[in-house]
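One structure is given here, and the rest of the page talks about it.
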Amino acid sequence: MNKFVLSILVLATALPLQARKVDRGLGDPKSVYIEKGSWQIGFSGGYRTYGAEGLGETTGTSLYGIVKDLSGQATMGNISASGAWFFANNMAVGVRFGYEQSNVDIDNGSILSFVALQNRHIDAMHLTGDIFCRAYIPLFDSKIFAIYGEGCLGGKRGYSKDYEETDRGKLGTYSDDFSFAFKMCSGLSVFVNDFCAISFTLPFLQIGKTWSNEIKEGEPSSKRSQVIANYKPDFLGLSIGVSYNF
């Protein structure tokens with residue numbers, strides 16, 4: 001009987017403790033960061049180039065000790081634009097369109113001294129499209145700083161080419177590429193004036209599928225596909241964008 005009474009007393013004490021309001025000093029998450037009825041236009045992009053060549057009698061450079069005698073160059077770029085409407089305070093729905101292109105030219109190289117790479121070229125171009133929903137949580141009741149979460153559903157369409165330059169022209173494989181995925185990401189938004197904000201976005205969830213139809217020497221040759229399910233921060237996907245709100 002004493003154990004039963006003690007259990008009731010412990011439970012009665014624990015319930016109010018669990019129900020108490022905790023204020024961590026981050027402000028009211030329902031305070032207004034961007035008002036209902038606002039429109040947002042955003043832009044983001046990136047451009048990178050890589051180059052490798054040997055000096056003097058050296059054939060090329062080493063990449064992490066795995067690829068040796070590497071010489072060549074690579075160019076990668078992407079750009080995207082988005083538009084969103086705030087159907088409630090701090091919550092918006094929108095669409096995003098993007099363009100990606102990469103060109104890789106490997107003049108010489110070897111992987112672990114077993115696989116030789118010479119006269120290899122890879123070109124790729126893809127168009128992307130997403131429908132997204134984003135929710136902001138202002139920090140410290142501020143209209144300058146906020147964190148946000150975003151979920152988007154979209155796909156990618158484009159091509160990739162893997163070929164060699166020969167006396168008869170370019171010989172290799174052409175691929176029609178497709179993908180469809182659901183993604184989630186989080187980020188930080190900072191207003192630099194009354195209308196313009198800078199955002200830093202980090203993807204952490206992706207569930208989807210990619211597939212390609214390959215054509216070799218002018219004839220359909222093969223198909224390949226991949227199912228993706230990742231739940232981890234994708235630091236290579238970290239992006240910086242600018243948005244205008246009015």
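We label chains A, B, ... in the order they appear in the structure tokens, count residues from 1 in each chain, and number ligands from 1 in the order shown.
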
Glu100 (chain A) surroundings by only C-alpha atoms, 7 Å radius, close-in-sequence under 5 positions cut, as a ChimeraX atom specification
/A:77-79,125-127

How would the residues just chosen look if you wrote them out with C-alpha atoms as a PDB file, in the first residue's frame?
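Written file, again-v3.pdb:
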```
ATOM      1  CA  GLY A  77      28.144  25.882 -62.734  1.00  0.00           C
ATOM      2  CA  ASN A  78      24.530  26.174 -61.668  1.00  0.00           C
ATOM      3  CA  ILE A  79      21.876  28.853 -61.293  1.00  0.00           C
ATOM      4  CA  MET A 125      23.451  19.626 -68.731  1.00  0.00           C
ATOM      5  CA  HIS A 126      20.311  19.378 -66.605  1.00  0.00           C
ATOM      6  CA  LEU A 127      17.176  21.436 -66.004  1.00  0.00           C
TER       7      LEU A 127
END
```

Would you please give, as a count of residues only, all residues of region 34-122 of chain A that DSSP assigns to strand (DSSP E or B) based on the backbone?
68

List every residue of region 4-244 of chain A that DSSP, applied to the backbone of this structure, places in helix (DSSP H, G or I), and write the result as a ChimeraX atom specification.
/A:4-19,235-237

Kindly export the residues of the current selection with N, CA and C atoms, as a PDB file, in the first residue's frame.
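selection_30.pdb, written as the output of this step:
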```pdb
ATOM      1  N   PHE A   4       2.163   1.971  -3.395  1.00  0.00           N
ATOM      2  CA  PHE A   4       1.142   2.529  -4.269  1.00  0.00           C
ATOM      3  C   PHE A   4       0.966   4.026  -4.008  1.00  0.00           C
ATOM      4  N   VAL A   5       0.908   4.419  -2.741  1.00  0.00           N
ATOM      5  CA  VAL A   5       0.768   5.839  -2.383  1.00  0.00           C
ATOM      6  C   VAL A   5       1.973   6.620  -2.843  1.00  0.00           C
ATOM      7  N   LEU A   6       3.179   6.044  -2.693  1.00  0.00           N
ATOM      8  CA  LEU A   6       4.400   6.726  -3.125  1.00  0.00           C
ATOM      9  C   LEU A   6       4.410   6.947  -4.629  1.00  0.00           C
ATOM     10  N   SER A   7       3.916   5.949  -5.380  1.00  0.00           N
ATOM     11  CA  SER A   7       3.855   6.071  -6.839  1.00  0.00           C
ATOM     12  C   SER A   7       2.906   7.187  -7.249  1.00  0.00           C
ATOM     13  N   ILE A   8       1.762   7.306  -6.570  1.00  0.00           N
ATOM     14  CA  ILE A   8       0.802   8.366  -6.873  1.00  0.00           C
ATOM     15  C   ILE A   8       1.420   9.734  -6.601  1.00  0.00           C
ATOM     16  N   LEU A   9       2.132   9.865  -5.503  1.00  0.00           N
ATOM     17  CA  LEU A   9       2.759  11.141  -5.156  1.00  0.00           C
ATOM     18  C   LEU A   9       3.828  11.539  -6.176  1.00  0.00           C
ATOM     19  N   VAL A  10       4.644  10.553  -6.626  1.00  0.00           N
ATOM     20  CA  VAL A  10       5.678  10.828  -7.628  1.00  0.00           C
ATOM     21  C   VAL A  10       5.046  11.256  -8.940  1.00  0.00           C
ATOM     22  N   LEU A  11       3.974  10.565  -9.351  1.00  0.00           N
ATOM     23  CA  LEU A  11       3.289  10.905 -10.590  1.00  0.00           C
ATOM     24  C   LEU A  11       2.665  12.288 -10.517  1.00  0.00           C
ATOM     25  N   ALA A  12       2.054  12.616  -9.403  1.00  0.00           N
ATOM     26  CA  ALA A  12       1.426  13.922  -9.231  1.00  0.00           C
ATOM     27  C   ALA A  12       2.467  15.044  -9.260  1.00  0.00           C
ATOM     28  N   THR A  13       3.659  14.751  -8.770  1.00  0.00           N
ATOM     29  CA  THR A  13       4.736  15.747  -8.786  1.00  0.00           C
ATOM     30  C   THR A  13       5.327  15.894 -10.179  1.00  0.00           C
ATOM     31  N   ALA A  14       5.437  14.788 -10.929  1.00  0.00           N
ATOM     32  CA  ALA A  14       6.081  14.803 -12.251  1.00  0.00           C
ATOM     33  C   ALA A  14       5.229  15.495 -13.299  1.00  0.00           C
ATOM     34  N   LEU A  15       3.893  15.335 -13.199  1.00  0.00           N
ATOM     35  CA  LEU A  15       3.018  15.925 -14.218  1.00  0.00           C
ATOM     36  C   LEU A  15       3.142  17.433 -14.295  1.00  0.00           C
ATOM     37  N   PRO A  16       3.114  18.186 -13.214  1.00  0.00           N
ATOM     38  CA  PRO A  16       3.290  19.634 -13.331  1.00  0.00           C
ATOM     39  C   PRO A  16       4.666  20.019 -13.843  1.00  0.00           C
ATOM     40  N   LEU A  17       5.693  19.206 -13.504  1.00  0.00           N
ATOM     41  CA  LEU A  17       7.040  19.516 -13.992  1.00  0.00           C
ATOM     42  C   LEU A  17       7.108  19.397 -15.499  1.00  0.00           C
ATOM     43  N   GLN A  18       6.451  18.372 -16.066  1.00  0.00           N
ATOM     44  CA  GLN A  18       6.450  18.189 -17.504  1.00  0.00           C
ATOM     45  C   GLN A  18       5.621  19.259 -18.206  1.00  0.00           C
ATOM     46  N   ALA A  19       4.598  19.763 -17.522  1.00  0.00           N
ATOM     47  CA  ALA A  19       3.699  20.735 -18.139  1.00  0.00           C
ATOM     48  C   ALA A  19       4.216  22.160 -18.038  1.00  0.00           C
ATOM     49  N   PHE A 235      26.799  18.388 -46.878  1.00  0.00           N
ATOM     50  CA  PHE A 235      27.582  19.613 -46.862  1.00  0.00           C
ATOM     51  C   PHE A 235      28.036  20.025 -48.264  1.00  0.00           C
ATOM     52  N   LEU A 236      28.106  19.062 -49.191  1.00  0.00           N
ATOM     53  CA  LEU A 236      28.427  19.415 -50.567  1.00  0.00           C
ATOM     54  C   LEU A 236      27.263  20.133 -51.235  1.00  0.00           C
ATOM     55  N   GLY A 237      26.064  19.990 -50.679  1.00  0.00           N
ATOM     56  CA  GLY A 237      24.898  20.666 -51.227  1.00  0.00           C
ATOM     57  C   GLY A 237      24.599  22.009 -50.584  1.00  0.00           C
TER      58      GLY A 237
END
```

List as a VMD selection string the protein and nucleic acid residues near region 89-93 of chain A, meaning an atom at most 12 Å away when only C-alpha atoms are counted, but skip any in the same chain fewer than 5 places from it.
chain A and resid 29 to 41 82 to 84 130 to 138 143 146 to 153 189 245

Find the residues of region 161-182 of chain A that sit at most 12 Å from region 106-120 of chain A; for each, write down the nearest two atoms and how far apart they are in Å, to one decimal. Count only C-alpha atoms. Sort by chain, then by number going up, and give it as a Markdown table.
```
| residue | atom | partner | partner_atom | distance |
| --- | --- | --- | --- | --- |
| A:Lys161 | CA | A:Arg120 | CA | 10.4 |
| A:Asp162 | CA | A:Arg120 | CA | 7.3 |
| A:Tyr163 | CA | A:Arg120 | CA | 6.1 |
| A:Glu164 | CA | A:Arg120 | CA | 5.3 |
| A:Glu165 | CA | A:Asn119 | CA | 6.7 |
| A:Thr166 | CA | A:Asn119 | CA | 9.0 |
| A:Lys170 | CA | A:Arg120 | CA | 10.4 |
| A:Leu171 | CA | A:Arg120 | CA | 10.3 |
| A:Gly172 | CA | A:Arg120 | CA | 9.5 |
| A:Thr173 | CA | A:Arg120 | CA | 11.6 |
```

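For the choices A:Gly241, A:Gly155, A:Pro203, A:Gly51, the atom-to-atom distance to Asp105 (chain A) is smallest for A:Gly51 when using only C-alpha atoms.
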
Straight-line distance linking CA of Tyr99 (chain A) with CA of Phe182 (chain A), stated in Å to one decimal:
18.4 Å

Of A:Val104, A:Val192, A:Met184, A:Leu70, the one nearest to Thr49 (chain A) when counting only C-alpha atoms is A:Val104

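The gap separating CA of Tyr244 (chain A) from CA of Val190 (chain A) is 11.6 Å, in Å to one decimal.
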
Within 8 Å of Asp28 (chain A), counting only C-alpha atoms, which residues show up once you throw out same-chain ones fewer than 4 positions away? Write them as a ChimeraX atom specification, please.
/A:138-141

Kindly save the residues from that selection, with C-alpha atoms included, as a PDB file, in the first residue's frame.
```
ATOM      1  CA  PRO A 138      12.297  34.082 -36.060  1.00  0.00           C
ATOM      2  CA  LEU A 139      15.049  34.185 -33.466  1.00  0.00           C
ATOM      3  CA  PHE A 140      14.889  36.463 -30.412  1.00  0.00           C
ATOM      4  CA  ASP A 141      11.634  38.072 -31.682  1.00  0.00           C
TER       5      ASP A 141
END
```

Each residue of region 107-182 of chain A with at least one atom at most 10 Å from region 221-225 of chain A should appear once, together with its nearest atom pair and the corresponding distance in Å (one decimal); atoms considered: only C-alpha atoms; ordering: chain, then increasing residue number; output as a Markdown table.
```
| residue | atom | partner | partner_atom | distance |
| --- | --- | --- | --- | --- |
| A:Thr173 | CA | A:Ser221 | CA | 8.9 |
| A:Tyr174 | CA | A:Ser221 | CA | 9.8 |
| A:Ser175 | CA | A:Lys223 | CA | 9.0 |
| A:Asp176 | CA | A:Lys223 | CA | 9.6 |
| A:Asp177 | CA | A:Ser225 | CA | 9.6 |
| A:Phe178 | CA | A:Ser225 | CA | 9.3 |
| A:Ser179 | CA | A:Ser225 | CA | 9.3 |
```

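Among the candidates A:Gln73, A:Ser160, A:Asn103, A:Ser142, the residue lying nearest to Ser212 (chain A) is A:Ser160 (atoms considered: only C-alpha atoms).
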
Can you pull out every residue within 8 Å of Ala229 (chain A), counting only C-alpha atoms, but drop anything in the same chain fewer than 2 positions away, and send it as a ChimeraX atom specification?
/A:205-208,227,231

Next, the residues of the selection above should be written as a short mmCIF file (atom, residue, chain, number, x, y, z; two decimals), in the first residue's frame with N, CA and C atoms.
```cif
data_model
loop_
_atom_site.label_atom_id
_atom_site.label_comp_id
_atom_site.auth_asym_id
_atom_site.auth_seq_id
_atom_site.Cartn_x
_atom_site.Cartn_y
_atom_site.Cartn_z
N LEU A 205 17.72 15.60 -46.08
CA LEU A 205 16.91 14.42 -46.39
C LEU A 205 16.62 14.39 -47.89
N GLN A 206 16.79 13.21 -48.49
CA GLN A 206 16.47 13.03 -49.90
C GLN A 206 15.96 11.62 -50.12
N ILE A 207 14.78 11.52 -50.74
CA ILE A 207 14.19 10.23 -51.09
C ILE A 207 13.74 10.33 -52.55
N GLY A 208 14.29 9.50 -53.41
CA GLY A 208 13.90 9.59 -54.81
C GLY A 208 14.54 8.54 -55.67
N VAL A 227 17.91 4.11 -56.71
CA VAL A 227 16.97 4.58 -55.70
C VAL A 227 17.77 5.19 -54.56
N TYR A 231 19.40 10.32 -45.10
CA TYR A 231 19.03 11.20 -44.01
C TYR A 231 20.30 11.59 -43.27
#
```

note - CA of Ser186 (chain A) and CA of Phe200 (chain A) are separated by 8.4 Å

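By only C-alpha atoms, and with residues fewer than 5 positions from Ser239 (chain A) along its chain excluded, the set lying at most 10 Å from it is Ser44, Gly45, Gly46, Gly187, Ser199, Phe200, Thr201, Leu202 and Pro203 of chain A.
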
Output of the above residues as a PDB file, in the first residue's frame, restricted to C-alpha atoms:
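This is the output file out.pdb:
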```
ATOM      1  CA  SER A  44      21.143  31.370 -56.140  1.00  0.00           C
ATOM      2  CA  GLY A  45      24.037  30.011 -58.148  1.00  0.00           C
ATOM      3  CA  GLY A  46      27.602  28.838 -58.190  1.00  0.00           C
ATOM      4  CA  GLY A 187      18.717  27.056 -43.215  1.00  0.00           C
ATOM      5  CA  SER A 199      19.916  32.632 -46.967  1.00  0.00           C
ATOM      6  CA  PHE A 200      22.189  29.664 -46.199  1.00  0.00           C
ATOM      7  CA  THR A 201      20.595  26.290 -46.977  1.00  0.00           C
ATOM      8  CA  LEU A 202      21.760  22.785 -45.987  1.00  0.00           C
ATOM      9  CA  PRO A 203      19.934  19.665 -47.330  1.00  0.00           C
TER      10      PRO A 203
END
```
